[in-house]
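Heads up, work-v1.tsv below (TSV, C-alpha atoms):
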chain	number	residue	atom	x	y	z
C	1	MET	CA	-1.86	-81.31	162.69
C	2	GLN	CA	1.78	-82.21	162.31
C	3	PRO	CA	3.45	-80.24	159.51
C	4	THR	CA	5.43	-81.72	156.66
C	5	PHE	CA	8.84	-80.15	156.10
C	6	VAL	CA	9.64	-79.88	152.38
C	7	LEU	CA	13.39	-79.42	151.94
C	8	VAL	CA	14.82	-77.76	148.81
C	9	HIS	CA	18.53	-78.05	148.01
C	10	GLY	CA	20.92	-75.51	146.55
C	11	ALA	CA	23.16	-75.49	143.49
C	12	PHE	CA	24.95	-78.73	142.55
C	13	ALA	CA	23.25	-80.44	145.51
C	14	ASN	CA	20.35	-82.87	145.73
C	15	SER	CA	18.07	-84.59	148.21
C	16	PHE	CA	20.90	-86.80	149.46
C	17	SER	CA	22.50	-83.97	151.44
C	18	PHE	CA	19.39	-83.70	153.64
C	19	ALA	CA	19.57	-87.30	154.92
C	20	PRO	CA	21.18	-86.46	158.31
C	21	LEU	CA	18.71	-83.59	158.87
C	22	GLN	CA	15.78	-85.84	157.97
C	23	ALA	CA	17.00	-88.41	160.48
C	24	GLU	CA	17.06	-85.77	163.22
C	25	LEU	CA	13.60	-84.49	162.26
C	26	GLY	CA	12.26	-88.02	162.25
C	27	LEU	CA	13.63	-88.64	165.74
C	28	LEU	CA	11.81	-85.49	166.86
C	29	GLY	CA	8.61	-86.88	165.38
C	30	TYR	CA	8.34	-84.81	162.19
C	31	ARG	CA	7.61	-85.77	158.58
C	32	SER	CA	9.94	-84.45	155.91
C	33	VAL	CA	10.33	-84.67	152.14
C	34	ALA	CA	13.65	-83.87	150.47
C	35	VAL	CA	13.15	-82.64	146.92
C	36	ASP	CA	15.27	-83.38	143.88
C	37	LEU	CA	14.78	-80.50	141.46
C	38	PRO	CA	14.76	-81.39	137.72
C	39	GLY	CA	18.12	-82.70	136.58
C	40	HIS	CA	19.21	-83.53	140.13
C	41	GLY	CA	19.57	-86.70	142.16
C	42	PHE	CA	19.13	-89.78	140.01
C	43	GLN	CA	18.23	-87.53	137.06
C	44	ALA	CA	21.70	-85.99	137.12
C	45	THR	CA	24.37	-86.65	134.51
C	46	PHE	CA	27.48	-88.48	135.71
C	47	THR	CA	29.53	-89.24	132.61
C	48	ARG	CA	32.25	-91.89	132.40
C	49	SER	CA	34.69	-89.04	131.84
C	50	TYR	CA	33.90	-87.91	135.40
C	51	GLN	CA	35.10	-91.24	136.80
C	52	SER	CA	38.69	-92.14	137.56
C	53	PRO	CA	40.93	-91.84	135.65
C	54	GLN	CA	39.20	-88.72	134.43
C	55	ASP	CA	38.99	-87.65	130.81
C	56	PRO	CA	39.12	-83.82	130.90
C	57	GLU	CA	38.34	-83.43	127.20
C	58	GLY	CA	35.34	-85.74	127.44
C	59	LEU	CA	34.14	-84.01	130.60
C	60	ALA	CA	34.30	-80.65	128.85
C	61	THR	CA	32.11	-81.78	125.95
C	62	ALA	CA	29.71	-84.47	127.21
C	63	PRO	CA	26.08	-83.28	127.14
C	64	GLY	CA	24.20	-82.91	130.41
C	65	SER	CA	20.55	-83.64	131.18
C	66	ILE	CA	20.14	-80.34	133.04
C	67	LYS	CA	20.72	-78.26	129.91
C	68	GLY	CA	17.63	-76.18	129.20
C	69	VAL	CA	16.13	-76.64	132.67
C	70	THR	CA	14.73	-73.30	133.83
C	71	LEU	CA	13.71	-71.74	137.10
C	72	ALA	CA	10.11	-72.08	135.91
C	73	ASP	CA	10.67	-75.84	135.57
C	74	ASN	CA	12.03	-75.99	139.10
C	75	ALA	CA	9.10	-74.01	140.50
C	76	ALA	CA	6.52	-76.12	138.67
C	77	HIS	CA	8.12	-79.31	139.96
C	78	LEU	CA	8.15	-77.98	143.52
C	79	ILE	CA	4.54	-76.84	143.29
C	80	GLY	CA	3.51	-80.36	142.32
C	81	ILE	CA	5.20	-81.70	145.45
C	82	LEU	CA	3.62	-79.00	147.63
C	83	GLU	CA	0.17	-79.89	146.31
C	84	ARG	CA	0.68	-83.50	147.38
C	85	ALA	CA	2.23	-82.60	150.74
C	86	GLN	CA	-0.60	-80.23	151.64
C	87	ARG	CA	-3.11	-83.11	151.55
C	88	ASN	CA	-1.56	-84.29	154.80
C	89	GLY	CA	-1.69	-80.98	156.64
C	90	PRO	CA	0.45	-77.84	157.04
C	91	VAL	CA	3.58	-77.41	154.94
C	92	ILE	CA	6.81	-75.76	156.09
C	93	LEU	CA	8.99	-75.10	153.07
C	94	VAL	CA	12.74	-75.01	153.81
C	95	ALA	CA	15.27	-73.64	151.31
C	96	HIS	CA	19.05	-73.67	151.37
C	97	SER	CA	21.31	-71.48	149.26
C	98	ARG	CA	20.18	-71.25	145.62
C	99	GLY	CA	17.12	-73.30	146.54
C	100	GLY	CA	15.71	-70.05	147.90
C	101	VAL	CA	15.27	-68.77	144.34
C	102	THR	CA	13.03	-71.74	143.49
C	103	VAL	CA	11.12	-71.47	146.75
C	104	THR	CA	10.51	-67.76	146.21
C	105	ALA	CA	9.22	-68.37	142.68
C	106	ALA	CA	6.89	-71.10	143.94
C	107	ALA	CA	5.64	-68.83	146.74
C	108	ASN	CA	4.96	-66.05	144.25
C	109	ALA	CA	2.78	-68.44	142.24
C	110	ARG	CA	1.07	-70.53	144.95
C	111	PRO	CA	1.16	-68.99	148.42
C	112	ASP	CA	-1.91	-71.05	149.32
C	113	LEU	CA	0.25	-74.19	149.44
C	114	ILE	CA	2.75	-72.94	152.04
C	115	ASP	CA	2.21	-72.33	155.76
C	116	ARG	CA	5.72	-71.05	156.45
C	117	ILE	CA	8.91	-70.51	154.45
C	118	VAL	CA	12.28	-71.05	156.11
C	119	TYR	CA	15.32	-69.68	154.33
C	120	VAL	CA	18.59	-71.15	155.62
C	121	SER	CA	21.28	-68.83	154.30
C	122	ALA	CA	19.25	-68.88	151.10
C	123	TRP	CA	18.63	-66.47	148.27
C	124	CYS	CA	15.42	-64.46	148.40
C	125	PRO	CA	15.93	-61.66	145.86
C	126	VAL	CA	13.89	-58.53	146.46
C	127	ASP	CA	15.55	-55.37	145.10
C	128	LEU	CA	17.91	-56.99	142.56
C	129	ASP	CA	18.22	-60.10	140.44
C	130	VAL	CA	20.39	-62.79	142.02
C	131	ASN	CA	23.30	-62.30	139.63
C	132	ASP	CA	23.33	-58.55	140.29
C	133	TYR	CA	23.85	-59.01	144.03
C	134	TYR	CA	27.31	-60.42	143.27
C	135	ALA	CA	28.47	-56.93	142.33
C	136	GLU	CA	27.26	-55.45	145.62
C	137	PRO	CA	29.53	-54.64	148.60
C	138	GLU	CA	28.02	-57.41	150.72
C	139	MET	CA	29.50	-60.00	148.36
C	140	ALA	CA	32.96	-58.43	148.16
C	141	THR	CA	34.47	-61.09	150.40
C	142	VAL	CA	33.33	-64.00	148.19
C	143	ASP	CA	36.17	-65.57	146.25
C	144	PRO	CA	34.99	-66.17	142.66
C	145	GLY	CA	38.01	-68.37	142.09
C	146	ALA	CA	36.63	-71.16	144.29
C	147	PHE	CA	34.38	-72.38	141.50
C	148	ALA	CA	36.33	-70.97	138.57
C	149	SER	CA	39.38	-73.07	139.37
C	150	ALA	CA	37.31	-76.26	139.23
C	151	LEU	CA	35.20	-75.44	136.17
C	152	ALA	CA	35.31	-78.38	133.80
C	153	ALA	CA	33.80	-76.73	130.73
C	154	ASN	CA	32.79	-73.44	129.17
C	155	PRO	CA	29.17	-72.81	130.26
C	156	ALA	CA	28.42	-71.09	126.96
C	157	ASP	CA	29.48	-74.20	125.05
C	158	LEU	CA	27.60	-76.74	127.16
C	159	GLY	CA	24.58	-74.63	128.10
C	160	LEU	CA	25.09	-75.47	131.78
C	161	LEU	CA	27.52	-75.06	134.64
C	162	ARG	CA	29.89	-78.01	135.07
C	163	VAL	CA	32.30	-78.21	138.00
C	164	ASN	CA	34.80	-81.01	138.57
C	165	PHE	CA	34.15	-81.75	142.24
C	166	ARG	CA	36.33	-84.86	141.91
C	167	THR	CA	39.39	-82.79	141.14
C	168	ALA	CA	42.62	-83.73	142.87
C	169	ASP	CA	44.06	-80.23	142.48
C	170	PRO	CA	45.02	-79.13	146.02
C	171	ASN	CA	44.41	-75.44	145.32
C	172	SER	CA	40.89	-76.08	144.05
C	173	LEU	CA	40.09	-78.33	147.00
C	174	THR	CA	41.41	-75.75	149.45
C	175	ALA	CA	39.30	-73.02	147.86
C	176	LEU	CA	36.16	-75.18	147.83
C	177	LYS	CA	36.60	-76.17	151.47
C	178	ALA	CA	37.06	-72.54	152.48
C	179	ALA	CA	33.88	-71.63	150.61
C	180	PHE	CA	31.67	-74.45	151.89
C	181	LEU	CA	32.91	-76.11	155.06
C	182	ALA	CA	35.91	-74.33	156.53
C	183	ASP	CA	34.80	-75.39	160.03
C	184	GLY	CA	34.58	-79.10	159.14
C	185	THR	CA	37.23	-81.77	158.96
C	186	ASP	CA	38.84	-82.70	155.66
C	187	GLU	CA	37.01	-86.02	155.84
C	188	GLN	CA	33.62	-84.32	156.30
C	189	PHE	CA	34.37	-81.96	153.45
C	190	LEU	CA	35.35	-84.72	151.02
C	191	ALA	CA	32.35	-86.82	152.04
C	192	PHE	CA	30.00	-83.91	151.34
C	193	LEU	CA	31.79	-83.01	148.12
C	194	ASN	CA	31.11	-86.51	146.85
C	195	THR	CA	27.35	-86.00	147.26
C	196	PHE	CA	27.51	-83.05	144.85
C	197	GLN	CA	26.74	-83.47	141.18
C	198	PRO	CA	28.87	-81.77	138.53
C	199	ASP	CA	26.11	-80.00	136.58
C	200	GLU	CA	23.79	-77.10	137.40
C	201	ASN	CA	21.43	-75.07	135.24
C	202	LEU	CA	22.14	-71.50	134.24
C	203	ASP	CA	18.78	-69.89	135.10
C	204	ALA	CA	18.89	-68.02	138.43
C	205	GLY	CA	15.80	-65.99	137.57
C	206	GLY	CA	15.07	-62.41	136.61
C	207	SER	CA	13.13	-59.44	137.91
C	208	ALA	CA	9.79	-61.25	137.61
C	209	ASP	CA	11.08	-63.92	140.00
C	210	ARG	CA	11.85	-61.59	142.89
C	211	ALA	CA	9.71	-61.78	146.03
C	212	GLN	CA	6.26	-60.27	145.45
C	213	ALA	CA	4.43	-58.59	148.31
C	214	ALA	CA	0.94	-59.64	147.21
C	215	THR	CA	1.71	-63.36	147.21
C	216	TRP	CA	5.05	-64.30	148.77
C	217	GLY	CA	4.51	-61.49	151.26
C	218	ARG	CA	1.41	-63.17	152.74
C	219	ILE	CA	3.33	-66.23	153.97
C	220	PRO	CA	4.91	-66.34	157.46
C	221	LYS	CA	8.66	-66.58	156.99
C	222	THR	CA	11.78	-67.32	158.96
C	223	TYR	CA	15.38	-66.62	158.04
C	224	ILE	CA	18.04	-68.78	159.67
C	225	ARG	CA	21.32	-66.93	159.43
C	226	LEU	CA	24.52	-68.98	159.19
C	227	ALA	CA	27.01	-66.88	161.11
C	228	ASP	CA	30.20	-68.19	159.50
C	229	ASP	CA	29.00	-68.60	155.92
C	230	THR	CA	31.52	-67.33	153.36
C	231	SER	CA	29.53	-68.39	150.28
C	232	LEU	CA	26.52	-66.26	151.21
C	233	PRO	CA	28.12	-63.84	153.68
C	234	LEU	CA	26.27	-62.71	156.77
C	235	ALA	CA	26.16	-59.16	155.43
C	236	LEU	CA	24.27	-60.36	152.35
C	237	GLN	CA	21.96	-62.54	154.44
C	238	ASP	CA	21.13	-59.50	156.58
C	239	ARG	CA	20.53	-57.39	153.50
C	240	LEU	CA	18.06	-59.95	152.13
C	241	ILE	CA	16.27	-59.96	155.49
C	242	ARG	CA	16.14	-56.18	155.53
C	243	GLU	CA	14.81	-55.96	151.98
C	244	GLY	CA	12.16	-58.57	152.71
C	245	ASP	CA	11.03	-56.70	155.82
C	246	GLU	CA	10.84	-53.44	153.87
C	247	LEU	CA	8.71	-55.17	151.22
C	248	THR	CA	6.27	-56.58	153.80
C	249	PRO	CA	6.63	-54.53	157.01
C	250	ASP	CA	3.48	-56.10	158.47
C	251	ASN	CA	4.93	-59.59	157.96
C	252	PRO	CA	8.63	-59.39	158.86
C	253	TYR	CA	11.03	-62.31	159.05
C	254	ASP	CA	11.34	-64.30	162.24
C	255	VAL	CA	15.16	-64.35	162.43
C	256	ARG	CA	17.27	-67.10	164.00
C	257	THR	CA	21.02	-67.68	163.91
C	258	LEU	CA	23.16	-70.82	163.80
C	259	GLU	CA	26.92	-70.86	164.15
C	260	GLY	CA	28.76	-72.45	161.26
C	261	SER	CA	29.58	-72.41	157.58
C	262	HIS	CA	27.43	-72.92	154.49
C	263	LEU	CA	27.27	-76.71	154.94
C	264	LYS	CA	27.96	-77.20	158.65
C	265	TRP	CA	24.24	-77.23	159.55
C	266	LEU	CA	23.80	-80.25	157.27
C	267	VAL	CA	26.87	-82.07	158.56
C	268	ASP	CA	25.85	-81.41	162.18
C	269	PRO	CA	22.06	-81.08	161.83
C	270	ALA	CA	20.78	-81.43	165.41
C	271	PRO	CA	20.73	-77.66	166.17
C	272	ALA	CA	18.93	-76.93	162.89
C	273	ALA	CA	16.42	-79.70	163.55
C	274	ARG	CA	15.65	-78.22	166.96
C	275	ILE	CA	14.97	-74.81	165.41
C	276	LEU	CA	12.72	-76.34	162.77
C	277	GLY	CA	10.88	-78.21	165.50
C	278	GLU	CA	10.31	-74.94	167.32
C	279	LEU	CA	8.94	-73.37	164.16
C	280	ALA	CA	6.51	-76.26	163.74
C	281	THR	CA	4.88	-75.31	167.05
C	282	LEU	CA	4.51	-71.58	166.31
C	283	PRO	CA	0.90	-70.39	166.07
C	284	ALA	CA	-0.22	-68.88	162.79
C	285	PRO	CA	0.06	-65.07	162.69
C	286	SER	CA	-3.74	-64.81	162.82
C	287	ASP	CA	-3.70	-66.80	166.07
C	288	GLN	CA	-1.21	-64.38	167.61
C	289	ALA	CA	-3.34	-61.30	166.97
Starting from the file, lay out its structure as structure tokens.
Amino acid sequence: MQPTFVLVHGAFANSFSFAPLQAELGLLGYRSVAVDLPGHGFQATFTRSYQSPQDPEGLATAPGSIKGVTLADNAAHLIGILERAQRNGPVILVAHSRGGVTVTAAANARPDLIDRIVYVSAWCPVDLDVNDYYAEPEMATVDPGAFASALAANPADLGLLRVNFRTADPNSLTALKAAFLADGTDEQFLAFLNTFQPDENLDAGGSADRAQAATWGRIPKTYIRLADDTSLPLALQDRLIREGDELTPDNPYDVRTLEGSHLKWLVDPAPAARILGELATLPAPSDQA
């Protein structure tokens, strides 16, 4: 049976960013569902103070709908979608960036709903919590100022992360482009930036949300490395792959590589769609024995 690809976005993103990839998958003959996690997409908060001319004081204090949303909420929402998708056949669950944390939590809870997980330069914490990896050598090249310079509010005050992606500050825009789409044009970068939403929740999970061998470890999994990613550097991607393989040596990652930055695969999705199409035709591990 034809699989359904369920696509899970990263931080500050939403289902809209998957539209070009879904078009390519559709032209290859595959079904896909792009998920909006709670507080994302049309549930996101876009205050009048975020419009032009902007009101910085209002933007710093306006409440956001994503406040209080937890990783458990994200996982529960995703599980509901997986339950519906599975009625139509196999499910290939695709995660990008921070979406990997939600996908891993869902896989820990309901491995029966997933036929393959595909991490595209995505977080799959094994040995450490996500926030702790930022202090590791593999993340030493990541510039924390890229987001800090565009922060619109104190997270402790609002109970959420709020970034002004509509900033006109040239230094902030340069830092964000370097972090996300250094290999794209300025026009592509600004177009993608305008699909982002300003708010993200604060819950990146804890030790209980790391990959678990007994559940997550049963699912066939692929890791698509993004060779030029500076937000989730290749060294960190390779470490996550290595830790996952050590956790489940009898079920290692199938590893693929795409050239490009953190967002390039979504701006130019044909190569990624071809890889996903190849994965859809792979036999189950039991069939390969």
For region 249-257 of chain C, please output as a list in words all residues within 7 Å (counting only C-alpha atoms; exclusion window: fewer than 4 positions along the same chain).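 My list of contacting residues is Gly217, Pro220, Lys221, Thr222, Tyr223, Ile224, Arg225, Leu226, Ala227, Ile241 and Asp245 of chain C.
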Between C:Asn74, C:Gln22, C:Thr45, C:Ser32, which residue has the minimum interatomic distance to Asp203 (chain C), considering all atoms listed in the file? C:Asn74
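Considering the residues C:Asp55, C:Asp112, C:Glu24, C:Asp199 and counting all atoms listed in the file, Leu158 (chain C) has its shortest atom-to-atom contact with C:Asp199.
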Just want the 9 Å neighbourhood of Asp36 (chain C), counted on all atoms listed in the file, with same-chain residues fewer than 3 positions away dropped. Output as a list of chain:residue names. C:Val8, C:His9, C:Ala13, C:Asn14, C:Ser15, C:Phe16, C:Gly39, C:His40, C:Gly41, C:Phe42, C:Gln43, C:Leu78
Would you compute, for all listed atoms of region 224-235 of chain C, the axis-aligned bounding box grown by 8 Å on each side, and then report its centre and edge lengths in Å rounded to one decimal, as AutoDock Vina command-line options?
--center_x 24.8 --center_y -64.1 --center_z 155.7 --size_x 29.5 --size_y 25.8 --size_z 26.8
Among C:Asn201, C:Ser121, C:Ser65, C:Gln2, Leu232 (chain C) is approached most closely, using all atoms listed in the file, by C:Ser121
Do you know which residues are at most 10 Å from Asp186 (chain C) counting all atoms listed in the file, after dropping those on the same chain fewer than 6 positions away, and could you put them as a ChimeraX atom specification? /C:173-174,177,192
Find the spatial neighbours of Val126 (chain C), counting all atoms listed in the file, within a cut-off of 10 Å - ignore same-chain residues fewer than 6 positions away - and output them as a list in words. Thr104, Ser207, Asp209, Arg210, Ala211, Gln212, Ala213, Arg239, Leu240, Ile241, Arg242, Glu243, Gly244, Asp245, Glu246 and Leu247 of chain C
Saved selection, atoms kept: C-alpha atoms, as a PDB file, in the frame of the given file:
ATOM      1  CA  THR C 104      10.510 -67.760 146.210  1.00  0.00           C
ATOM      2  CA  SER C 207      13.130 -59.440 137.910  1.00  0.00           C
ATOM      3  CA  ASP C 209      11.080 -63.920 140.000  1.00  0.00           C
ATOM      4  CA  ARG C 210      11.850 -61.590 142.890  1.00  0.00           C
ATOM      5  CA  ALA C 211       9.710 -61.780 146.030  1.00  0.00           C
ATOM      6  CA  GLN C 212       6.260 -60.270 145.450  1.00  0.00           C
ATOM      7  CA  ALA C 213       4.430 -58.590 148.310  1.00  0.00           C
ATOM      8  CA  ARG C 239      20.530 -57.390 153.500  1.00  0.00           C
ATOM      9  CA  LEU C 240      18.060 -59.950 152.130  1.00  0.00           C
ATOM     10  CA  ILE C 241      16.270 -59.960 155.490  1.00  0.00           C
ATOM     11  CA  ARG C 242      16.140 -56.180 155.530  1.00  0.00           C
ATOM     12  CA  GLU C 243      14.810 -55.960 151.980  1.00  0.00           C
ATOM     13  CA  GLY C 244      12.160 -58.570 152.710  1.00  0.00           C
ATOM     14  CA  ASP C 245      11.030 -56.700 155.820  1.00  0.00           C
ATOM     15  CA  GLU C 246      10.840 -53.440 153.870  1.00  0.00           C
ATOM     16  CA  LEU C 247       8.710 -55.170 151.220  1.00  0.00           C
TER      17      LEU C 247
END
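Relative to CA of Pro269 (chain C), CA of Leu21 (chain C) is found at 5.1 Å.
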As a PDB file, keeping the file's coordinate frame, could you write out region 66-77 of chain C once it has been completed with all heavy atoms?
ATOM      1  N   ILE C  66      20.697 -81.557 132.442  1.00  0.00           N
ATOM      2  CA  ILE C  66      20.140 -80.340 133.040  1.00  0.00           C
ATOM      3  C   ILE C  66      20.129 -79.167 132.063  1.00  0.00           C
ATOM      4  O   ILE C  66      19.537 -78.118 132.359  1.00  0.00           O
ATOM      5  CB  ILE C  66      20.910 -79.984 134.323  1.00  0.00           C
ATOM      6  CG1 ILE C  66      19.995 -79.230 135.303  1.00  0.00           C
ATOM      7  CG2 ILE C  66      22.166 -79.184 134.015  1.00  0.00           C
ATOM      8  CD1 ILE C  66      20.564 -79.119 136.688  1.00  0.00           C
ATOM      9  N   LYS C  67      20.737 -79.335 130.899  1.00  0.00           N
ATOM     10  CA  LYS C  67      20.720 -78.260 129.910  1.00  0.00           C
ATOM     11  C   LYS C  67      19.275 -77.915 129.550  1.00  0.00           C
ATOM     12  O   LYS C  67      18.463 -78.793 129.273  1.00  0.00           O
ATOM     13  CB  LYS C  67      21.472 -78.687 128.649  1.00  0.00           C
ATOM     14  CG  LYS C  67      21.487 -77.616 127.556  1.00  0.00           C
ATOM     15  CD  LYS C  67      22.239 -78.081 126.315  1.00  0.00           C
ATOM     16  CE  LYS C  67      22.212 -77.004 125.237  1.00  0.00           C
ATOM     17  NZ  LYS C  67      22.961 -77.427 124.012  1.00  0.00           N
ATOM     18  N   GLY C  68      18.965 -76.632 129.563  1.00  0.00           N
ATOM     19  CA  GLY C  68      17.630 -76.180 129.200  1.00  0.00           C
ATOM     20  C   GLY C  68      16.645 -76.150 130.352  1.00  0.00           C
ATOM     21  O   GLY C  68      15.534 -75.616 130.202  1.00  0.00           O
ATOM     22  N   VAL C  69      17.009 -76.714 131.505  1.00  0.00           N
ATOM     23  CA  VAL C  69      16.130 -76.640 132.670  1.00  0.00           C
ATOM     24  C   VAL C  69      16.101 -75.188 133.152  1.00  0.00           C
ATOM     25  O   VAL C  69      17.134 -74.536 133.265  1.00  0.00           O
ATOM     26  CB  VAL C  69      16.614 -77.568 133.795  1.00  0.00           C
ATOM     27  CG1 VAL C  69      15.833 -77.316 135.083  1.00  0.00           C
ATOM     28  CG2 VAL C  69      16.460 -79.022 133.377  1.00  0.00           C
ATOM     29  N   THR C  70      14.910 -74.700 133.441  1.00  0.00           N
ATOM     30  CA  THR C  70      14.730 -73.300 133.830  1.00  0.00           C
ATOM     31  C   THR C  70      14.233 -73.199 135.269  1.00  0.00           C
ATOM     32  O   THR C  70      13.788 -74.178 135.872  1.00  0.00           O
ATOM     33  CB  THR C  70      13.728 -72.603 132.912  1.00  0.00           C
ATOM     34  OG1 THR C  70      12.432 -73.202 133.105  1.00  0.00           O
ATOM     35  CG2 THR C  70      14.144 -72.732 131.449  1.00  0.00           C
ATOM     36  N   LEU C  71      14.276 -71.988 135.783  1.00  0.00           N
ATOM     37  CA  LEU C  71      13.710 -71.740 137.100  1.00  0.00           C
ATOM     38  C   LEU C  71      12.213 -72.051 137.104  1.00  0.00           C
ATOM     39  O   LEU C  71      11.684 -72.575 138.087  1.00  0.00           O
ATOM     40  CB  LEU C  71      13.953 -70.285 137.509  1.00  0.00           C
ATOM     41  CG  LEU C  71      13.335 -69.837 138.835  1.00  0.00           C
ATOM     42  CD1 LEU C  71      13.806 -70.709 139.991  1.00  0.00           C
ATOM     43  CD2 LEU C  71      13.647 -68.367 139.098  1.00  0.00           C
ATOM     44  N   ALA C  72      11.534 -71.756 136.007  1.00  0.00           N
ATOM     45  CA  ALA C  72      10.110 -72.080 135.910  1.00  0.00           C
ATOM     46  C   ALA C  72       9.887 -73.589 136.020  1.00  0.00           C
ATOM     47  O   ALA C  72       8.905 -74.036 136.642  1.00  0.00           O
ATOM     48  CB  ALA C  72       9.538 -71.547 134.600  1.00  0.00           C
ATOM     49  N   ASP C  73      10.772 -74.384 135.437  1.00  0.00           N
ATOM     50  CA  ASP C  73      10.670 -75.840 135.570  1.00  0.00           C
ATOM     51  C   ASP C  73      10.829 -76.261 137.024  1.00  0.00           C
ATOM     52  O   ASP C  73      10.091 -77.123 137.525  1.00  0.00           O
ATOM     53  CB  ASP C  73      11.745 -76.530 134.723  1.00  0.00           C
ATOM     54  CG  ASP C  73      11.573 -76.305 133.230  1.00  0.00           C
ATOM     55  OD1 ASP C  73      10.422 -76.205 132.775  1.00  0.00           O
ATOM     56  OD2 ASP C  73      12.601 -76.224 132.532  1.00  0.00           O
ATOM     57  N   ASN C  74      11.806 -75.675 137.694  1.00  0.00           N
ATOM     58  CA  ASN C  74      12.030 -75.990 139.100  1.00  0.00           C
ATOM     59  C   ASN C  74      10.801 -75.652 139.944  1.00  0.00           C
ATOM     60  O   ASN C  74      10.366 -76.441 140.794  1.00  0.00           O
ATOM     61  CB  ASN C  74      13.236 -75.231 139.639  1.00  0.00           C
ATOM     62  CG  ASN C  74      14.559 -75.776 139.137  1.00  0.00           C
ATOM     63  OD1 ASN C  74      14.627 -76.876 138.606  1.00  0.00           O
ATOM     64  ND2 ASN C  74      15.609 -74.993 139.304  1.00  0.00           N
ATOM     65  N   ALA C  75      10.256 -74.444 139.715  1.00  0.00           N
ATOM     66  CA  ALA C  75       9.100 -74.010 140.500  1.00  0.00           C
ATOM     67  C   ALA C  75       7.888 -74.894 140.251  1.00  0.00           C
ATOM     68  O   ALA C  75       7.160 -75.256 141.185  1.00  0.00           O
ATOM     69  CB  ALA C  75       8.785 -72.547 140.187  1.00  0.00           C
ATOM     70  N   ALA C  76       7.663 -75.255 138.995  1.00  0.00           N
ATOM     71  CA  ALA C  76       6.520 -76.120 138.670  1.00  0.00           C
ATOM     72  C   ALA C  76       6.664 -77.486 139.334  1.00  0.00           C
ATOM     73  O   ALA C  76       5.692 -78.055 139.855  1.00  0.00           O
ATOM     74  CB  ALA C  76       6.396 -76.264 137.164  1.00  0.00           C
ATOM     75  N   HIS C  77       7.870 -78.024 139.318  1.00  0.00           N
ATOM     76  CA  HIS C  77       8.120 -79.310 139.960  1.00  0.00           C
ATOM     77  C   HIS C  77       7.855 -79.224 141.466  1.00  0.00           C
ATOM     78  O   HIS C  77       7.201 -80.104 142.053  1.00  0.00           O
ATOM     79  CB  HIS C  77       9.560 -79.743 139.702  1.00  0.00           C
ATOM     80  CG  HIS C  77       9.942 -81.038 140.345  1.00  0.00           C
ATOM     81  ND1 HIS C  77       9.517 -82.260 139.865  1.00  0.00           N
ATOM     82  CD2 HIS C  77      10.706 -81.301 141.445  1.00  0.00           C
ATOM     83  CE1 HIS C  77      10.002 -83.229 140.625  1.00  0.00           C
ATOM     84  NE2 HIS C  77      10.732 -82.676 141.592  1.00  0.00           N
TER      85      HIS C  77
END
